[in-house]
Structure formats: C-alpha cells, structure tokens
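**Q** Input file: query.cif. Contents: mmCIF, C-alpha atoms.
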```cif
data_start
#
loop_
_atom_site.group_PDB
_atom_site.id
_atom_site.type_symbol
_atom_site.label_atom_id
_atom_site.label_comp_id
_atom_site.auth_asym_id
_atom_site.auth_seq_id
_atom_site.Cartn_x
_atom_site.Cartn_y
_atom_site.Cartn_z
ATOM 1 C CA MET Q 74 91.412 -128.413 -7.507
ATOM 2 C CA GLU Q 75 90.783 -132.128 -7.078
ATOM 3 C CA ILE Q 76 90.896 -134.084 -10.329
ATOM 4 C CA ASN Q 77 87.760 -136.132 -11.078
ATOM 5 C CA ALA Q 78 85.947 -134.436 -8.198
ATOM 6 C CA SER Q 79 82.316 -135.312 -7.544
ATOM 7 C CA TYR Q 80 79.635 -132.645 -7.344
ATOM 8 C CA ASN Q 81 76.019 -133.277 -6.386
ATOM 9 C CA SER Q 82 74.486 -129.842 -6.936
ATOM 10 C CA LEU Q 83 74.997 -126.594 -8.858
ATOM 11 C CA VAL Q 84 73.455 -123.141 -8.438
ATOM 12 C CA ALA Q 85 74.107 -120.460 -11.068
ATOM 13 C CA VAL Q 86 73.778 -116.766 -10.184
ATOM 14 C CA GLY Q 87 73.989 -113.820 -12.557
ATOM 15 C CA ASP Q 88 72.592 -112.099 -15.634
ATOM 16 C CA SER Q 89 72.027 -112.888 -19.325
ATOM 17 C CA PHE Q 90 75.443 -114.518 -19.690
ATOM 18 C CA THR Q 91 74.471 -117.187 -17.161
ATOM 19 C CA GLU Q 92 70.847 -117.341 -18.281
ATOM 20 C CA GLY Q 93 72.211 -118.507 -21.629
ATOM 21 C CA MET Q 94 71.544 -115.801 -24.191
ATOM 22 C CA SER Q 95 71.957 -116.278 -27.200
ATOM 23 C CA ASP Q 96 72.154 -120.098 -27.173
ATOM 24 C CA ARG Q 97 68.551 -120.518 -28.290
ATOM 25 C CA LEU Q 98 66.655 -123.819 -28.235
ATOM 26 C CA PRO Q 99 63.996 -124.738 -30.836
ATOM 27 C CA ASP Q 100 61.184 -123.613 -28.503
ATOM 28 C CA GLY Q 101 62.707 -120.137 -28.197
ATOM 29 C CA THR Q 102 64.114 -120.555 -24.688
ATOM 30 C CA TYR Q 103 67.804 -120.249 -23.891
ATOM 31 C CA ARG Q 104 70.204 -122.992 -22.866
ATOM 32 C CA GLY Q 105 73.725 -121.623 -22.298
ATOM 33 C CA TRP Q 106 76.894 -122.717 -20.578
ATOM 34 C CA ALA Q 107 75.361 -123.277 -17.125
ATOM 35 C CA ASP Q 108 72.732 -125.677 -18.495
ATOM 36 C CA LEU Q 109 75.410 -127.465 -20.527
ATOM 37 C CA LEU Q 110 77.588 -127.789 -17.429
ATOM 38 C CA ALA Q 111 74.669 -129.072 -15.365
ATOM 39 C CA ALA Q 112 73.857 -131.696 -17.997
ATOM 40 C CA ARG Q 113 77.409 -132.991 -17.946
ATOM 41 C CA LEU Q 114 77.567 -133.060 -14.149
ATOM 42 C CA ALA Q 115 74.201 -134.838 -13.990
ATOM 43 C CA ALA Q 116 75.445 -137.508 -16.396
ATOM 44 C CA ARG Q 117 78.104 -138.581 -13.896
ATOM 45 C CA THR Q 118 76.198 -138.069 -10.620
ATOM 46 C CA PRO Q 119 72.859 -139.738 -9.766
ATOM 47 C CA ASP Q 120 70.217 -137.361 -8.345
ATOM 48 C CA PHE Q 121 72.228 -134.305 -9.355
ATOM 49 C CA ARG Q 122 70.379 -131.082 -8.528
ATOM 50 C CA TYR Q 123 70.504 -127.771 -10.400
ATOM 51 C CA ALA Q 124 69.111 -124.249 -10.038
ATOM 52 C CA ASN Q 125 69.706 -121.293 -12.340
ATOM 53 C CA LEU Q 126 68.646 -117.991 -10.770
ATOM 54 C CA ALA Q 127 70.150 -115.754 -13.458
ATOM 55 C CA VAL Q 128 67.961 -113.226 -15.281
ATOM 56 C CA ARG Q 129 68.991 -111.102 -18.252
ATOM 57 C CA GLY Q 130 69.742 -107.426 -17.709
ATOM 58 C CA LYS Q 131 70.385 -107.643 -13.971
ATOM 59 C CA LEU Q 132 72.848 -105.249 -12.375
ATOM 60 C CA ILE Q 133 75.044 -106.383 -9.500
ATOM 61 C CA GLY Q 134 72.768 -104.699 -6.944
ATOM 62 C CA GLN Q 135 69.771 -106.618 -8.263
ATOM 63 C CA ILE Q 136 71.742 -109.863 -8.236
ATOM 64 C CA VAL Q 137 72.617 -109.283 -4.585
ATOM 65 C CA ASP Q 138 69.047 -108.327 -3.650
ATOM 66 C CA GLU Q 139 67.208 -110.990 -5.662
ATOM 67 C CA GLN Q 140 69.511 -113.998 -6.023
ATOM 68 C CA VAL Q 141 72.372 -114.195 -3.553
ATOM 69 C CA ASP Q 142 70.481 -114.998 -0.338
ATOM 70 C CA THR Q 143 68.385 -117.588 -2.163
ATOM 71 C CA ALA Q 144 71.492 -119.219 -3.593
ATOM 72 C CA ALA Q 145 73.280 -119.211 -0.232
ATOM 73 C CA ALA Q 146 70.325 -120.947 1.410
ATOM 74 C CA MET Q 147 70.527 -123.793 -1.115
ATOM 75 C CA LYS Q 148 73.909 -124.962 0.277
ATOM 76 C CA ALA Q 149 75.033 -126.319 -3.092
ATOM 77 C CA ASP Q 150 78.288 -128.095 -3.828
ATOM 78 C CA VAL Q 151 79.063 -125.523 -6.544
ATOM 79 C CA VAL Q 152 77.842 -121.947 -6.939
ATOM 80 C CA THR Q 153 78.806 -119.848 -9.951
ATOM 81 C CA LEU Q 154 78.627 -116.065 -9.650
ATOM 82 C CA VAL Q 155 79.043 -113.768 -12.645
ATOM 83 C CA GLY Q 156 77.865 -110.192 -12.209
ATOM 84 C CA GLY Q 157 78.832 -106.559 -12.508
ATOM 85 C CA LEU Q 158 79.546 -106.466 -16.227
ATOM 86 C CA ASN Q 159 76.168 -104.884 -17.030
ATOM 87 C CA ASP Q 160 77.074 -102.105 -14.603
ATOM 88 C CA THR Q 161 80.357 -101.421 -16.389
ATOM 89 C CA LEU Q 162 78.523 -100.994 -19.699
ATOM 90 C CA ARG Q 163 76.312 -98.199 -18.380
ATOM 91 C CA PRO Q 164 77.268 -94.620 -19.352
ATOM 92 C CA LYS Q 165 77.701 -93.801 -15.664
ATOM 93 C CA CYS Q 166 79.068 -96.424 -13.317
ATOM 94 C CA ASP Q 167 80.163 -96.140 -9.687
ATOM 95 C CA MET Q 168 82.895 -98.762 -9.647
ATOM 96 C CA GLY Q 169 83.366 -98.424 -5.906
ATOM 97 C CA ARG Q 170 79.734 -99.424 -5.403
ATOM 98 C CA VAL Q 171 80.095 -102.301 -7.866
ATOM 99 C CA ARG Q 172 83.146 -103.623 -6.045
ATOM 100 C CA GLY Q 173 81.372 -103.326 -2.708
ATOM 101 C CA LEU Q 174 78.299 -105.216 -3.884
ATOM 102 C CA LEU Q 175 80.380 -107.942 -5.480
ATOM 103 C CA THR Q 176 82.281 -108.278 -2.209
ATOM 104 C CA GLU Q 177 78.977 -108.629 -0.346
ATOM 105 C CA ALA Q 178 77.855 -111.356 -2.733
ATOM 106 C CA VAL Q 179 81.085 -113.332 -2.370
ATOM 107 C CA GLU Q 180 81.102 -112.989 1.414
ATOM 108 C CA LYS Q 181 77.608 -114.518 1.548
ATOM 109 C CA LEU Q 182 78.118 -117.241 -1.033
ATOM 110 C CA ALA Q 183 81.621 -118.532 -0.294
ATOM 111 C CA PRO Q 184 80.857 -119.927 3.198
ATOM 112 C CA SER Q 185 77.547 -121.407 2.070
ATOM 113 C CA CYS Q 186 78.773 -123.705 -0.701
ATOM 114 C CA GLY Q 187 81.403 -126.320 -1.344
ATOM 115 C CA GLN Q 188 83.100 -124.358 -4.132
ATOM 116 C CA LEU Q 189 82.435 -120.823 -5.366
ATOM 117 C CA VAL Q 190 83.286 -120.188 -9.017
ATOM 118 C CA LEU Q 191 83.926 -116.645 -10.240
ATOM 119 C CA MET Q 192 84.759 -115.511 -13.758
ATOM 120 C CA ARG Q 193 86.642 -112.955 -15.754
ATOM 121 C CA SER Q 194 83.999 -112.612 -18.451
ATOM 122 C CA PRO Q 195 84.862 -112.695 -22.162
ATOM 123 C CA GLY Q 196 85.008 -109.454 -24.112
ATOM 124 C CA ARG Q 197 84.325 -109.159 -27.830
ATOM 125 C CA ASN Q 198 86.923 -107.419 -29.967
ATOM 126 C CA GLY Q 199 85.666 -104.154 -31.399
ATOM 127 C CA PRO Q 200 85.764 -100.362 -30.984
ATOM 128 C CA VAL Q 201 82.710 -100.130 -28.721
ATOM 129 C CA MET Q 202 84.181 -102.531 -26.186
ATOM 130 C CA GLU Q 203 87.409 -100.553 -26.005
ATOM 131 C CA ARG Q 204 85.514 -97.703 -24.338
ATOM 132 C CA PHE Q 205 84.498 -99.924 -21.439
ATOM 133 C CA ARG Q 206 87.618 -102.073 -21.173
ATOM 134 C CA PRO Q 207 89.243 -100.149 -18.269
ATOM 135 C CA ARG Q 208 86.134 -100.662 -16.119
ATOM 136 C CA MET Q 209 85.976 -104.336 -17.059
ATOM 137 C CA GLU Q 210 89.594 -104.868 -16.110
ATOM 138 C CA GLU Q 211 89.059 -103.060 -12.796
ATOM 139 C CA LEU Q 212 86.150 -105.414 -12.125
ATOM 140 C CA PHE Q 213 88.213 -108.481 -13.015
ATOM 141 C CA ALA Q 214 91.104 -107.393 -10.803
ATOM 142 C CA HIS Q 215 88.639 -107.245 -7.911
ATOM 143 C CA VAL Q 216 87.327 -110.703 -8.843
ATOM 144 C CA ASP Q 217 90.868 -112.055 -8.545
ATOM 145 C CA GLU Q 218 91.321 -110.404 -5.150
ATOM 146 C CA LEU Q 219 88.034 -111.792 -3.830
ATOM 147 C CA ALA Q 220 88.849 -115.277 -5.072
ATOM 148 C CA ALA Q 221 92.214 -115.270 -3.322
ATOM 149 C CA ARG Q 222 90.627 -114.000 -0.113
ATOM 150 C CA HIS Q 223 87.684 -116.422 -0.007
ATOM 151 C CA GLY Q 224 88.975 -119.620 -1.603
ATOM 152 C CA ALA Q 225 87.017 -119.248 -4.830
ATOM 153 C CA VAL Q 226 88.300 -120.307 -8.228
ATOM 154 C CA VAL Q 227 88.361 -117.998 -11.240
ATOM 155 C CA VAL Q 228 87.648 -119.039 -14.822
ATOM 156 C CA ASP Q 229 89.676 -116.637 -16.978
ATOM 157 C CA LEU Q 230 87.578 -116.253 -20.111
ATOM 158 C CA TYR Q 231 88.771 -112.693 -20.670
ATOM 159 C CA GLY Q 232 92.305 -113.941 -21.234
ATOM 160 C CA ALA Q 233 91.274 -116.337 -24.025
ATOM 161 C CA PRO Q 234 91.714 -114.764 -27.495
ATOM 162 C CA VAL Q 235 89.252 -117.204 -29.080
ATOM 163 C CA LEU Q 236 86.382 -115.799 -26.998
ATOM 164 C CA ALA Q 237 87.219 -112.303 -28.226
ATOM 165 C CA ASP Q 238 86.799 -113.468 -31.826
ATOM 166 C CA GLN Q 239 83.783 -111.654 -33.303
ATOM 167 C CA ARG Q 240 82.529 -114.956 -34.754
ATOM 168 C CA MET Q 241 81.904 -116.212 -31.219
ATOM 169 C CA TRP Q 242 79.310 -113.491 -30.669
ATOM 170 C CA ASP Q 243 75.690 -113.294 -31.745
ATOM 171 C CA VAL Q 244 74.337 -110.509 -33.964
ATOM 172 C CA ASP Q 245 73.506 -108.435 -30.860
ATOM 173 C CA ARG Q 246 77.270 -108.292 -30.136
ATOM 174 C CA LEU Q 247 76.577 -108.756 -26.422
ATOM 175 C CA HIS Q 248 75.979 -112.498 -26.089
ATOM 176 C CA LEU Q 249 77.914 -115.585 -27.078
ATOM 177 C CA THR Q 250 76.802 -118.017 -29.768
ATOM 178 C CA ASP Q 251 76.084 -121.666 -28.958
ATOM 179 C CA GLU Q 252 79.731 -122.473 -29.726
ATOM 180 C CA GLY Q 253 80.851 -119.777 -27.294
ATOM 181 C CA HIS Q 254 78.632 -121.180 -24.550
ATOM 182 C CA ARG Q 255 79.922 -124.685 -25.242
ATOM 183 C CA ARG Q 256 83.487 -123.483 -24.722
ATOM 184 C CA VAL Q 257 82.602 -121.657 -21.514
ATOM 185 C CA ALA Q 258 81.005 -124.834 -20.150
ATOM 186 C CA GLU Q 259 84.192 -126.738 -20.946
ATOM 187 C CA ALA Q 260 86.297 -124.049 -19.259
ATOM 188 C CA VAL Q 261 84.253 -124.222 -16.048
ATOM 189 C CA TRP Q 262 84.271 -128.041 -16.208
ATOM 190 C CA GLN Q 263 88.062 -128.094 -16.319
ATOM 191 C CA THR Q 264 88.362 -125.458 -13.581
ATOM 192 C CA LEU Q 265 86.305 -127.740 -11.329
ATOM 193 C CA GLY Q 266 88.970 -130.409 -11.743
ATOM 194 C CA LEU Q 267 87.101 -132.602 -14.211
ATOM 195 C CA PRO Q 268 88.818 -134.345 -17.154
ATOM 196 C CA ALA Q 269 89.074 -132.230 -20.280
ATOM 197 C CA GLU Q 270 87.027 -133.257 -23.287
ATOM 198 C CA ALA Q 271 88.393 -130.547 -25.596
ATOM 199 C CA ASP Q 272 90.752 -127.586 -25.656
ATOM 200 C CA TRP Q 273 88.283 -124.727 -25.287
ATOM 201 C CA ARG Q 274 91.009 -122.206 -26.173
ATOM 202 C CA THR Q 275 91.538 -123.587 -29.712
ATOM 203 C CA PRO Q 276 91.240 -120.720 -32.229
ATOM 204 C CA LEU Q 277 88.525 -120.771 -34.863
ATOM 205 C CA PRO Q 278 89.668 -121.650 -38.401
ATOM 206 C CA LEU Q 279 90.912 -118.780 -40.505
ATOM 207 C CA THR Q 280 88.329 -117.439 -42.934
ATOM 208 C CA VAL Q 281 88.163 -114.704 -45.555
ATOM 209 C CA PRO Q 282 86.963 -111.490 -43.847
ATOM 210 C CA PRO Q 283 83.519 -110.291 -44.994
ATOM 211 C CA ARG Q 284 83.420 -107.594 -47.642
ATOM 212 C CA TRP Q 285 82.927 -103.933 -46.753
ATOM 213 C CA ALA Q 286 79.308 -103.936 -47.920
ATOM 214 C CA SER Q 287 78.503 -106.993 -45.803
ATOM 215 C CA ARG Q 288 80.065 -105.388 -42.729
ATOM 216 C CA ARG Q 289 78.068 -102.191 -43.227
ATOM 217 C CA ALA Q 290 74.847 -104.157 -43.674
ATOM 218 C CA ALA Q 291 75.588 -106.059 -40.450
ATOM 219 C CA ASP Q 292 76.296 -102.759 -38.662
ATOM 220 C CA ALA Q 293 72.977 -101.332 -39.843
ATOM 221 C CA ARG Q 294 71.069 -104.410 -38.680
ATOM 222 C CA PHE Q 295 72.818 -104.314 -35.319
ATOM 223 C CA ALA Q 296 71.972 -100.634 -34.832
ATOM 224 C CA ARG Q 297 68.337 -101.123 -35.836
ATOM 225 C CA GLU Q 298 67.552 -104.351 -33.986
ATOM 226 C CA HIS Q 299 69.816 -104.202 -30.947
ATOM 227 C CA LEU Q 300 71.705 -100.966 -30.275
ATOM 228 C CA GLY Q 301 68.662 -98.709 -30.639
ATOM 229 C CA PRO Q 302 66.445 -100.735 -28.273
ATOM 230 C CA TRP Q 303 69.346 -101.048 -25.797
ATOM 231 C CA ILE Q 304 69.820 -97.264 -25.730
ATOM 232 C CA MET Q 305 66.077 -96.724 -25.319
ATOM 233 C CA ARG Q 306 65.989 -99.052 -22.309
ATOM 234 C CA ARG Q 307 68.872 -97.130 -20.745
ATOM 235 C CA LEU Q 308 67.098 -93.799 -21.301
ATOM 236 C CA THR Q 309 63.815 -95.036 -19.826
ATOM 237 C CA GLY Q 310 65.326 -96.971 -16.926
ATOM 238 C CA ARG Q 311 63.998 -100.306 -18.153
ATOM 239 C CA SER Q 312 65.733 -103.671 -18.415
ATOM 240 C CA SER Q 313 65.344 -106.611 -20.776
ATOM 241 C CA GLY Q 314 64.771 -108.759 -17.700
ATOM 242 C CA ASP Q 315 61.974 -106.726 -16.118
ATOM 243 C CA GLY Q 316 59.237 -109.078 -14.943
ATOM 244 C CA LEU Q 317 61.039 -112.244 -16.021
ATOM 245 C CA PRO Q 318 61.464 -115.100 -13.539
ATOM 246 C CA ALA Q 319 64.520 -117.315 -13.246
ATOM 247 C CA LYS Q 320 64.207 -120.360 -15.493
ATOM 248 C CA ARG Q 321 65.205 -122.807 -12.715
ATOM 249 C CA PRO Q 322 64.359 -121.053 -9.446
ATOM 250 C CA GLU Q 323 64.479 -124.165 -7.238
ATOM 251 C CA LEU Q 324 67.289 -126.614 -6.544
ATOM 252 C CA LEU Q 325 65.714 -129.736 -8.025
ATOM 253 C CA PRO Q 326 66.919 -132.898 -9.786
ATOM 254 C CA TYR Q 327 68.258 -131.977 -13.189
ATOM 255 C CA GLU Q 328 65.949 -132.584 -16.123
ATOM 256 C CA PRO Q 329 67.085 -131.843 -19.688
ATOM 257 C CA PRO Q 330 65.062 -129.461 -21.863
ATOM 258 C CA THR Q 331 62.048 -131.099 -23.509
ATOM 259 C CA ALA Q 332 62.532 -129.225 -26.803
#
```
Rewrite the structure of this file - the entire thing - as structure tokens.
**A**
Amino acid sequence: MEINASYNSLVAVGDSFTEGMSDRLPDGTYRGWADLLAARLAARTPDFRYANLAVRGKLIGQIVDEQVDTAAAMKADVVTLVGGLNDTLRPKCDMGRVRGLLTEAVEKLAPSCGQLVLMRSPGRNGPVMERFRPRMEELFAHVDELAARHGAVVVDLYGAPVLADQRMWDVDRLHLTDEGHRRVAEAVWQTLGLPAEADWRTPLPLTVPPRWASRRAADARFAREHLGPWIMRRLTGRSSGDGLPAKRPELLPYEPPTA
C-alpha cells in the first residue's frame, strides 16, 4: 500500500458495525469508525466525498441486494465492505450461502473502486461468543481468500487482543464503544497507507475487575434490555434496521455532524 496515498472519495457498505453503533452523538445519532475515517480523509483532501450505505441488522443477502450495486455505481476511490457477521450469529446459518454472497459482493465492488477494504471483524471475549467463533473464523478465512484473489486489503481487527477486551464493548455486548470505533478508524487509516497517529493495538490500562455483584447486575441489565429484545426479533423475523434508511445514501462532499 502506498504511503501517504491520496483518496478523494469513500463509500462504506455493511451493517451496524459500519453504521457506527454504539458511538452515539449528543443528538442520538451514531458516528462510528467510518465517519471518523471520512473526517480525517476530508481534512487532507479538498472536495472529499463520502457515502455510508450501512444499516443496522442487515444480513449479507440484504447488503448485496440493497447496497452493493449502489456502491459499485459510485466508482469511489475506497470502498469498505463488512458483512456476514450477523448471519453467523443466527441460530441457523448456511455458511456456504454466506460465502457465496460475500463472493458476489466482492466481485462487483473490487473492479468498481480504486481500493476495496475488507475486514476480519473484532470479537468480544466471553462465553456467548465462543459458541459462534468457528463460524466467524470460517467467514474470516474466506475474507482472506477473496482479498488475495481480488486485490483487496484486509484490516485484521479479530487478531487484535485489545478489541476483544470487554471494556471496548457497549452494554449491549454487540457494538464497540466510541474508543473502539476510534481504534478501528485508525486501523483502516493505516491499512490505506496513511501515516499512523497512534498505535491502535495498545492494550487498555489494567484495572481491578468488577465485583461479583456488579457483574451479575450487568448481566441482568444486558438480558433485560438487549438479549431479550434480540431473541424476540429473531423469533418474529424482524430486524433492528427494518425501515431505516442509510444515513449518507449519496456520495456527496463530506460535512461533519452538526451536533
């Protein structure tokens, strides 16, 4: 990757991770790593353009149907694609279908942009995640294969212990905190050949673990506010992103949030 490369446009494709949950702004909207990356790219490139097509809850089939063709038509300098992880977290998952759809997305996006960026997504430490880890690693192995085949670059967030630290994750245990998103933005920035501003892999400071009672209270809150609603959506076939539009559906000059 060229050092100090210049990029004039960015299109982000994916689900809640790329939409920016849970990096919440004062007005209640989400920022996230893609917005942070766009802001930094815009600061060094006049008339920089940015679109973010990601919508929370989307499965890889929905990403292909609703976002990929639109992104390909934008002919951006950089396209980021992160998808398939929501599929792996479902009780039943056809990994062959997931791999096939991800291949379709890459085959459409790679020729249409200057640089396609793929990711091995971060995974939070914890017993629930262990159940789904084999599927995740199968997905990431396919990401590596696609990148090698199509000239994409891969940001390996999964291999960074700091992003597995439970303190990097919001109370819903599915989405990164603002600090997590900041580190992801730095990781993508460096992968694009731009000068490092920080070591995004630096571990968090050691702290005294919370007491047993505090952990149980946090578990109860998580089950009540997040796990229960998530299970109900799975049982009823609904998604947290149903009816929601992309926050930046057009490739336009970057403007920072007003909040």
**Q** Taking the file above as input, evaluate the PyMOL selection byres ((chain Q and resi 209) around 10) and report the hits as a list in words.
**A**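 So the PyMOL selection byres ((chain Q and resi 209) around 10), applied here, picks out Gly157, Leu158, Asn159, Asp160, Thr161, Leu162, Met168, Arg193, Ser194, Pro195, Gly196, Met202, Glu203, Arg204, Phe205, Arg206, Pro207, Arg208, Glu210, Glu211, Leu212, Phe213, Ala214, His215 and Tyr231 of chain Q.
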**Q** Which residues would end up in the selection if the PyMOL selection byres ((chain Q and resi 174) around 12) were applied here, given that I need the answer as a list in words?
**A**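 Applying the expression gives Leu132, Ile133, Gly134, Gln135, Ile136, Val137, Asp138, Val141, Gly156, Gly157, Asp160, Asp167, Met168, Gly169, Arg170, Val171, Arg172, Gly173, Leu175, Thr176, Glu177, Ala178, Val179, Glu180, Lys181, Leu212, His215, Val216 and Leu219 of chain Q.
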**Q** How far is it from atom CA of Q:Gln188 to atom CA of Q:Ala127, in Å with one decimal?
**A**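 So the two atoms, atom CA of Q:Gln188 and atom CA of Q:Ala127, lie 18.1 Å apart.
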**Q** Counting all atoms listed in the file, which residue out of Q:Arg129, Q:Ala144, Q:Ala319, Q:Arg240 sits closest to Q:Pro282?
**A**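 Once distances to Q:Pro282 are computed over all atoms listed in the file, the minimum belongs to Q:Arg240.
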**Q** Here's the selection I'm unsure about, the PyMOL selection byres ((chain Q and resi 87) around 6); applied to the file above, which residues does it give, as a count of residues only?
**A** 7
**Q** As an MDAnalysis selection string, please: the residues near Q:Arg274 (cut-off 10 Å, all atoms listed in the file, same-chain neighbours under 2 positions excluded).
**A** chainID Q and resid 230 232:236 256:257 259:260 271:272 276:277
**Q** Between Q:Trp242, Q:Tyr80, Q:Phe121, Q:Tyr327, which has the minimum distance to Q:His254 (counting only C-alpha atoms)?
**A** Q:Trp242
**Q** Identify which of the residues Q:Ala183, Q:Ala145, Q:Ala111, Q:Leu98 lies closest to Q:Val261, counting only C-alpha atoms when measuring atom-to-atom distances.
**A**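 Distance minimum relative to Q:Val261 lands on Q:Ala111.
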**Q** Because the input lacks atoms here, generate N, CA, C and O atoms for stretch 234-255 of chain Q and report them as a short mmCIF file (atom, residue, chain, number, x, y, z; two decimals), in the coordinates of the input.
**A**
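The resulting file, part_18.cif, is reproduced below:
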```cif
data_model
loop_
_atom_site.label_atom_id
_atom_site.label_comp_id
_atom_site.auth_asym_id
_atom_site.auth_seq_id
_atom_site.Cartn_x
_atom_site.Cartn_y
_atom_site.Cartn_z
N PRO Q 234 91.95 -115.48 -26.24
CA PRO Q 234 91.71 -114.76 -27.50
C PRO Q 234 90.55 -115.32 -28.31
O PRO Q 234 89.84 -114.56 -28.97
N VAL Q 235 90.31 -116.64 -28.25
CA VAL Q 235 89.25 -117.20 -29.08
C VAL Q 235 87.88 -116.65 -28.70
O VAL Q 235 87.00 -116.49 -29.56
N LEU Q 236 87.68 -116.33 -27.42
CA LEU Q 236 86.38 -115.80 -27.00
C LEU Q 236 86.24 -114.31 -27.27
O LEU Q 236 85.17 -113.74 -27.06
N ALA Q 237 87.31 -113.68 -27.75
CA ALA Q 237 87.22 -112.30 -28.23
C ALA Q 237 86.94 -112.25 -29.72
O ALA Q 237 86.61 -111.18 -30.26
N ASP Q 238 87.06 -113.38 -30.39
CA ASP Q 238 86.80 -113.47 -31.83
C ASP Q 238 85.35 -113.07 -32.11
O ASP Q 238 84.42 -113.61 -31.50
N GLN Q 239 85.13 -112.15 -33.03
CA GLN Q 239 83.78 -111.65 -33.30
C GLN Q 239 82.84 -112.76 -33.75
O GLN Q 239 81.62 -112.67 -33.56
N ARG Q 240 83.37 -113.85 -34.30
CA ARG Q 240 82.53 -114.96 -34.75
C ARG Q 240 81.93 -115.74 -33.60
O ARG Q 240 81.02 -116.55 -33.81
N MET Q 241 82.45 -115.55 -32.40
CA MET Q 241 81.90 -116.21 -31.22
C MET Q 241 80.69 -115.48 -30.65
O MET Q 241 80.10 -115.93 -29.67
N TRP Q 242 80.34 -114.34 -31.24
CA TRP Q 242 79.31 -113.49 -30.67
C TRP Q 242 78.11 -113.40 -31.60
O TRP Q 242 78.24 -113.35 -32.82
N ASP Q 243 76.93 -113.37 -31.00
CA ASP Q 243 75.69 -113.29 -31.74
C ASP Q 243 75.56 -111.92 -32.41
O ASP Q 243 76.37 -111.01 -32.16
N VAL Q 244 74.52 -111.76 -33.22
CA VAL Q 244 74.34 -110.51 -33.96
C VAL Q 244 74.10 -109.33 -33.04
O VAL Q 244 74.30 -108.17 -33.45
N ASP Q 245 73.69 -109.56 -31.78
CA ASP Q 245 73.51 -108.44 -30.86
C ASP Q 245 74.82 -107.93 -30.29
O ASP Q 245 74.87 -106.91 -29.63
N ARG Q 246 75.92 -108.67 -30.54
CA ARG Q 246 77.27 -108.29 -30.14
C ARG Q 246 77.45 -108.20 -28.62
O ARG Q 246 78.44 -107.66 -28.13
N LEU Q 247 76.51 -108.75 -27.88
CA LEU Q 247 76.58 -108.76 -26.42
C LEU Q 247 76.61 -110.16 -25.84
O LEU Q 247 77.02 -110.34 -24.70
N HIS Q 248 76.14 -111.15 -26.62
CA HIS Q 248 75.98 -112.50 -26.09
C HIS Q 248 76.67 -113.52 -26.98
O HIS Q 248 76.67 -113.38 -28.21
N LEU Q 249 77.20 -114.55 -26.35
CA LEU Q 249 77.91 -115.58 -27.08
C LEU Q 249 76.97 -116.45 -27.91
O LEU Q 249 75.81 -116.64 -27.58
N THR Q 250 77.51 -117.02 -28.98
CA THR Q 250 76.80 -118.02 -29.77
C THR Q 250 76.77 -119.34 -29.01
O THR Q 250 77.38 -119.49 -27.94
N ASP Q 251 76.10 -120.35 -29.59
CA ASP Q 251 76.08 -121.67 -28.96
C ASP Q 251 77.49 -122.24 -28.83
O ASP Q 251 77.82 -122.89 -27.83
N GLU Q 252 78.36 -121.98 -29.82
CA GLU Q 252 79.73 -122.47 -29.73
C GLU Q 252 80.47 -121.78 -28.59
O GLU Q 252 81.26 -122.40 -27.86
N GLY Q 253 80.23 -120.48 -28.41
CA GLY Q 253 80.85 -119.78 -27.29
C GLY Q 253 80.42 -120.34 -25.96
O GLY Q 253 81.25 -120.55 -25.06
N HIS Q 254 79.13 -120.61 -25.81
CA HIS Q 254 78.63 -121.18 -24.55
C HIS Q 254 79.21 -122.58 -24.32
O HIS Q 254 79.51 -122.95 -23.17
N ARG Q 255 79.35 -123.35 -25.39
CA ARG Q 255 79.92 -124.68 -25.24
C ARG Q 255 81.35 -124.59 -24.70
O ARG Q 255 81.75 -125.37 -23.81
#
```
